[in-house]
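Visitor: I am attaching a structure below and will ask some questions about it afterwards.
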Amino acid sequence: MAPREQMILLRDDPPLPTQMWVLAPQLWEDLLTSYGFRVGAIDLLPHPDDSARVIQQLIRARRLPDRRARVSSRPRGARSPAAHAAVGVGAILISEQAILLGRHRRGTLELPGGSVEAGESFADAVIRELAEETGLIARAEDVGLSGTLVDRVEGVLRVTVGALVRAWQGHPATRPDENVGDWAWYPLDQLPDGLFVCSAQILTAWRPDLPIDHPPAHFTRFASGPAAAPGNGLF
């Protein structure tokens, strides 16, 4: 795009020499915007002589203040902070009205699950823990997150995310070096005693009608998650 020399005739002032680019109004606006201007208005001024095919463009634009391309953030400190929260996931697998539970070395029965690792999504944590603990393989599209459970244990905030796994491959089996094994399917109407607290909370959030006792926790349901307790609050 090359300019042409042109004289701008003003009413009471001498002619003003300028360089003229003949561009469409939208192209002018796009160019000015890309170079840091905000276009307020573009007026098209036709020639007084109707036979003249000349239209002047009067563009009102204001240059925006210079802005950094990216906003900086303060780095974390070099020292590790004191542990004040724990984040974990628990997976619900249903087969013929029975739920998958495993026995921990401490004797409690619990859902597949565990801690979320750094840089890992909740769904990825469910898939990884399921494979590590049971050998079952699931896909991200088959994992539905129900919501977050929040409570406090001995001064540590505990955040647990429940998930309903709708499909998987393989058969559950005890895995070496894992704390939970002896996986088995338990009918929903014959759940055993001695459930792990987090598992009990996840199951109650998923099915409020299940007769399970556990310490209260604050549950926030995800909008796109599977069916869970209506609304938010303590249960």
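Scheme for the structure tokens: letters A, B, ... for chains in order shown; per-chain residue numbers from 1; ligand numbers from 1 in order shown.
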Need the shell around Val197 of chain A: protein/DNA/RNA residues with any atom at most 8 Å away, counting only C-alpha atoms. Skip same-chain ones fewer than 2 positions apart. Format as a list in words?

Guide: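 These residues fall inside the cut-off: Leu195, Ser199, Ala200, Gln201, His214 and Pro215 of chain A.
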
Visitor: Compile the contact shell of Arg128 of chain A as a VMD selection string: residues with an atom at most 9 Å away, counting only C-alpha atoms, same-chain residues fewer than 6 positions apart removed.

Guide: chain A and resid 113 137 to 138

Visitor: Rank nothing, just name the residue among A:Leu145, A:Val153, A:Gly162, A:Asn179 nearest to Glu132 of chain A, using only C-alpha atoms.

Guide: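 The closest residue to Glu132 of chain A is A:Asn179.
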
Visitor: Which residues, written as an MDAnalysis selection string, have at least one atom at most 12 Å from Ala131 of chain A, with only C-alpha atoms counted and residues fewer than 6 positions away on the same chain left out?

Guide: chainID A and resid 91 112:114 124:125 137:139 168:175 178

Visitor: Could you take the residues named above and write them with all heavy atoms, as a CSV table (one decimal), in the first residue's frame?

Guide:
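Writing the result to part17.csv gives the following:
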chain,number,residue,atom,x,y,z
A,91,ALA,N,-13.3,-42.8,42.9
A,91,ALA,CA,-14.0,-43.2,41.7
A,91,ALA,C,-15.1,-44.2,42.1
A,91,ALA,O,-14.9,-45.2,42.8
A,91,ALA,CB,-13.1,-43.9,40.7
A,112,PRO,N,-11.7,-46.9,44.7
A,112,PRO,CA,-10.4,-46.6,44.1
A,112,PRO,C,-10.2,-45.1,44.1
A,112,PRO,O,-11.1,-44.3,43.9
A,112,PRO,CB,-10.6,-47.1,42.6
A,112,PRO,CG,-11.8,-48.0,42.7
A,112,PRO,CD,-12.7,-47.5,43.7
A,113,GLY,N,-9.0,-44.7,44.3
A,113,GLY,CA,-8.7,-43.2,44.4
A,113,GLY,C,-7.4,-43.0,45.1
A,113,GLY,O,-6.7,-43.9,45.5
A,114,GLY,N,-7.1,-41.7,45.2
A,114,GLY,CA,-5.9,-41.3,45.9
A,114,GLY,C,-5.6,-39.8,45.7
A,114,GLY,O,-6.5,-39.0,45.3
A,124,ASP,N,-7.7,-37.0,35.1
A,124,ASP,CA,-6.5,-37.7,34.9
A,124,ASP,C,-6.1,-38.5,36.1
A,124,ASP,O,-5.6,-39.6,36.1
A,124,ASP,CB,-5.4,-36.8,34.4
A,124,ASP,CG,-5.6,-36.3,33.0
A,124,ASP,OD1,-6.3,-36.9,32.3
A,124,ASP,OD2,-4.9,-35.3,32.7
A,125,ALA,N,-6.3,-37.9,37.3
A,125,ALA,CA,-6.0,-38.5,38.6
A,125,ALA,C,-6.8,-39.8,38.8
A,125,ALA,O,-6.3,-40.8,39.2
A,125,ALA,CB,-6.2,-37.5,39.7
A,137,ILE,N,-8.6,-49.9,33.0
A,137,ILE,CA,-8.3,-48.8,32.1
A,137,ILE,C,-9.6,-48.1,31.8
A,137,ILE,O,-10.5,-48.7,31.3
A,137,ILE,CB,-7.6,-49.4,30.8
A,137,ILE,CG1,-6.4,-50.2,31.2
A,137,ILE,CG2,-7.2,-48.2,29.9
A,137,ILE,CD1,-5.3,-49.5,32.0
A,138,ALA,N,-9.5,-46.8,32.0
A,138,ALA,CA,-10.7,-45.9,31.6
A,138,ALA,C,-10.2,-44.8,30.8
A,138,ALA,O,-9.0,-44.4,30.7
A,138,ALA,CB,-11.3,-45.4,32.9
A,139,ARG,N,-11.1,-44.2,30.0
A,139,ARG,CA,-10.9,-43.0,29.2
A,139,ARG,C,-11.4,-41.8,29.8
A,139,ARG,O,-12.4,-41.8,30.6
A,139,ARG,CB,-11.5,-43.2,27.8
A,139,ARG,CG,-10.9,-44.5,27.1
A,139,ARG,CD,-11.6,-44.6,25.7
A,139,ARG,NE,-13.1,-44.7,25.9
A,139,ARG,CZ,-13.9,-44.7,24.9
A,139,ARG,NH1,-13.5,-44.6,23.6
A,139,ARG,NH2,-15.3,-44.8,25.1
A,168,TRP,N,-15.1,-49.0,31.4
A,168,TRP,CA,-13.7,-49.3,31.7
A,168,TRP,C,-13.4,-50.6,31.0
A,168,TRP,O,-14.3,-51.4,30.5
A,168,TRP,CB,-13.4,-49.4,33.2
A,168,TRP,CG,-14.3,-50.5,33.8
A,168,TRP,CD1,-14.0,-51.8,34.0
A,168,TRP,CD2,-15.6,-50.2,34.4
A,168,TRP,NE1,-15.0,-52.4,34.6
A,168,TRP,CE2,-16.0,-51.5,34.9
A,168,TRP,CE3,-16.4,-49.1,34.6
A,168,TRP,CZ2,-17.2,-51.6,35.6
A,168,TRP,CZ3,-17.6,-49.3,35.3
A,168,TRP,CH2,-18.0,-50.5,35.7
A,169,GLN,N,-12.1,-51.0,30.9
A,169,GLN,CA,-11.7,-52.2,30.3
A,169,GLN,C,-10.9,-53.0,31.4
A,169,GLN,O,-10.1,-52.4,32.2
A,169,GLN,CB,-10.8,-52.0,29.1
A,169,GLN,CG,-11.5,-51.3,27.9
A,169,GLN,CD,-10.6,-51.1,26.8
A,169,GLN,OE1,-9.4,-51.2,26.9
A,169,GLN,NE2,-11.1,-50.8,25.6
A,170,GLY,N,-11.0,-54.3,31.4
A,170,GLY,CA,-10.3,-55.2,32.3
A,170,GLY,C,-11.1,-55.6,33.5
A,170,GLY,O,-12.3,-55.4,33.6
A,171,HIS,N,-10.5,-56.4,34.4
A,171,HIS,CA,-11.1,-56.9,35.6
A,171,HIS,C,-10.2,-56.4,36.8
A,171,HIS,O,-9.0,-56.5,36.7
A,171,HIS,CB,-11.1,-58.4,35.5
A,171,HIS,CG,-12.0,-58.9,34.4
A,171,HIS,ND1,-13.3,-59.0,34.4
A,171,HIS,CD2,-11.6,-59.4,33.2
A,171,HIS,CE1,-13.8,-59.4,33.3
A,171,HIS,NE2,-12.7,-59.7,32.5
A,172,PRO,N,-10.9,-56.0,37.8
A,172,PRO,CA,-10.1,-55.5,39.0
A,172,PRO,C,-9.3,-56.6,39.6
A,172,PRO,O,-9.8,-57.7,39.8
A,172,PRO,CB,-11.2,-54.9,39.9
A,172,PRO,CG,-12.4,-55.7,39.5
A,172,PRO,CD,-12.3,-55.9,38.1
A,173,ALA,N,-8.1,-56.3,40.0
A,173,ALA,CA,-7.2,-57.2,40.6
A,173,ALA,C,-6.3,-56.5,41.6
A,173,ALA,O,-6.0,-55.3,41.4
A,173,ALA,CB,-6.4,-58.0,39.6
A,174,THR,N,-5.8,-57.2,42.6
A,174,THR,CA,-4.9,-56.7,43.6
A,174,THR,C,-3.5,-56.4,42.9
A,174,THR,O,-3.0,-57.2,42.1
A,174,THR,CB,-4.6,-57.6,44.7
A,174,THR,OG1,-5.9,-57.8,45.4
A,174,THR,CG2,-3.6,-57.1,45.7
A,175,ARG,N,-3.0,-55.2,43.1
A,175,ARG,CA,-1.8,-54.8,42.4
A,175,ARG,C,-0.6,-54.8,43.4
A,175,ARG,O,-0.8,-54.4,44.6
A,175,ARG,CB,-1.9,-53.4,41.8
A,175,ARG,CG,-3.2,-53.2,40.9
A,175,ARG,CD,-3.0,-53.9,39.6
A,175,ARG,NE,-2.0,-53.2,38.8
A,175,ARG,CZ,-1.6,-53.5,37.5
A,175,ARG,NH1,-2.1,-54.7,37.0
A,175,ARG,NH2,-0.8,-52.8,36.9
A,178,GLU,N,0.6,-51.8,46.3
A,178,GLU,CA,-0.5,-50.8,46.5
A,178,GLU,C,-1.1,-51.2,47.9
A,178,GLU,O,-1.1,-52.3,48.4
A,178,GLU,CB,-1.6,-51.0,45.5
A,178,GLU,CG,-1.2,-50.4,44.1
A,178,GLU,CD,-1.0,-48.9,44.1
A,178,GLU,OE1,-1.7,-48.2,44.9
A,178,GLU,OE2,-0.1,-48.5,43.4

Visitor: Can you list, as a list in words, all residues belonging to segment 51-168 of chain A that DSSP tags as helix (DSSP H, G or I)?

Guide: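 So, restricting segment 51-168 of chain A to helix (DSSP H, G or I), we get Phe122, Ala123, Asp124, Ala125, Val126, Ile127, Arg128, Glu129, Leu130, Ala131, Glu132, Glu133, Thr134, Ala140, Glu141 and Asp142 of chain A.
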
Visitor: Using DSSP secondary structure from the backbone, list all strand (DSSP E or B) positions within segment 17-196 of chain A, as a ChimeraX atom specification.

Guide: /A:17-20,37-46,55-63,85-95,98-104,109-110,113-115,137,143-153,156-165,169,180-187,195

Visitor: Could you name the residues that touch Phe122 of chain A at 9 Å or less, counting only C-alpha atoms, but leaving out those on the same chain fewer than 2 positions away, as a short mmCIF file (atom, residue, chain, number, x, y, z; two decimals) with all heavy atoms, in the first residue's frame?

Guide:
data_model
loop_
_atom_site.label_atom_id
_atom_site.label_comp_id
_atom_site.auth_asym_id
_atom_site.auth_seq_id
_atom_site.Cartn_x
_atom_site.Cartn_y
_atom_site.Cartn_z
N GLY A 88 -7.65 -34.98 46.83
CA GLY A 88 -7.72 -36.35 46.35
C GLY A 88 -8.96 -36.59 45.51
O GLY A 88 -9.83 -35.72 45.38
N VAL A 89 -9.04 -37.79 44.93
CA VAL A 89 -10.18 -38.18 44.11
C VAL A 89 -10.64 -39.57 44.54
O VAL A 89 -9.88 -40.35 45.10
CB VAL A 89 -9.82 -38.20 42.61
CG1 VAL A 89 -9.53 -36.81 42.10
CG2 VAL A 89 -8.64 -39.12 42.34
N VAL A 116 -4.14 -36.25 44.20
CA VAL A 116 -3.92 -35.63 42.90
C VAL A 116 -2.49 -35.14 42.82
O VAL A 116 -2.00 -34.49 43.75
CB VAL A 116 -4.90 -34.46 42.67
CG1 VAL A 116 -4.64 -33.79 41.32
CG2 VAL A 116 -6.34 -34.95 42.75
N GLU A 120 -1.86 -32.31 37.30
CA GLU A 120 -2.77 -33.36 36.88
C GLU A 120 -4.21 -32.88 37.05
O GLU A 120 -4.56 -32.28 38.06
CB GLU A 120 -2.53 -34.60 37.73
CG GLU A 120 -3.20 -35.86 37.27
CD GLU A 120 -2.78 -37.05 38.12
OE1 GLU A 120 -2.77 -36.93 39.36
OE2 GLU A 120 -2.45 -38.11 37.55
N ASP A 124 -7.74 -37.01 35.07
CA ASP A 124 -6.49 -37.75 34.87
C ASP A 124 -6.08 -38.49 36.14
O ASP A 124 -5.56 -39.61 36.09
CB ASP A 124 -5.37 -36.80 34.44
CG ASP A 124 -5.55 -36.30 33.02
OD1 ASP A 124 -6.31 -36.94 32.26
OD2 ASP A 124 -4.94 -35.27 32.67
N ALA A 125 -6.30 -37.86 37.30
CA ALA A 125 -5.97 -38.51 38.56
C ALA A 125 -6.83 -39.76 38.77
O ALA A 125 -6.35 -40.79 39.23
CB ALA A 125 -6.15 -37.53 39.73
N VAL A 126 -8.11 -39.67 38.42
CA VAL A 126 -9.00 -40.83 38.54
C VAL A 126 -8.50 -41.96 37.65
O VAL A 126 -8.41 -43.13 38.08
CB VAL A 126 -10.44 -40.44 38.16
CG1 VAL A 126 -11.32 -41.69 38.01
CG2 VAL A 126 -11.04 -39.50 39.20
N ILE A 127 -8.17 -41.66 36.41
CA ILE A 127 -7.71 -42.68 35.46
C ILE A 127 -6.41 -43.32 35.94
O ILE A 127 -6.25 -44.55 35.91
CB ILE A 127 -7.52 -42.05 34.07
CG1 ILE A 127 -8.88 -41.61 33.51
CG2 ILE A 127 -6.84 -43.02 33.11
CD1 ILE A 127 -8.79 -40.78 32.25
N LEU A 145 -17.15 -36.06 36.66
CA LEU A 145 -16.86 -35.52 37.98
C LEU A 145 -18.14 -35.02 38.62
O LEU A 145 -18.92 -34.29 38.00
CB LEU A 145 -15.84 -34.38 37.87
CG LEU A 145 -14.50 -34.73 37.21
CD1 LEU A 145 -13.62 -33.50 37.10
CD2 LEU A 145 -13.79 -35.83 37.99
N VAL A 161 -12.64 -34.94 45.38
CA VAL A 161 -13.50 -34.85 44.20
C VAL A 161 -13.99 -36.25 43.86
O VAL A 161 -13.19 -37.16 43.64
CB VAL A 161 -12.75 -34.25 43.00
CG1 VAL A 161 -13.62 -34.26 41.75
CG2 VAL A 161 -12.30 -32.83 43.33
N ALA A 163 -16.03 -39.00 41.43
CA ALA A 163 -16.20 -39.21 40.00
C ALA A 163 -16.97 -40.50 39.76
O ALA A 163 -16.81 -41.48 40.49
CB ALA A 163 -14.84 -39.28 39.30
#

Visitor: Can you work out which one of A:Gly155, A:Pro15, A:Pro211, A:Gly107 has the shortest atom-to-atom distance to Gly181 of chain A, counting only C-alpha atoms?

Guide: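 Of all the options, A:Gly107 lies closest to Gly181 of chain A.
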
Visitor: List the neighbours of Trp28 of chain A out to 9 Å using only C-alpha atoms; skip same-chain residues closer than 5 positions along the sequence, and give me the result as a ChimeraX atom specification.

Guide: /A:23,33,59

Visitor: What does the file look like for those residues with N, CA and C atoms, as a short mmCIF file (atom, residue, chain, number, x, y, z; two decimals), in the first residue's frame?

Guide:
data_model
loop_
_atom_site.label_atom_id
_atom_site.label_comp_id
_atom_site.auth_asym_id
_atom_site.auth_seq_id
_atom_site.Cartn_x
_atom_site.Cartn_y
_atom_site.Cartn_z
N LEU A 23 -7.99 3.64 1.16
CA LEU A 23 -8.36 2.33 1.69
C LEU A 23 -9.82 2.36 2.11
N THR A 33 -6.52 -0.38 14.60
CA THR A 33 -6.68 -1.21 15.78
C THR A 33 -5.45 -2.06 16.03
N ILE A 59 -11.48 10.10 10.00
CA ILE A 59 -11.40 9.03 10.99
C ILE A 59 -11.01 9.65 12.33
#
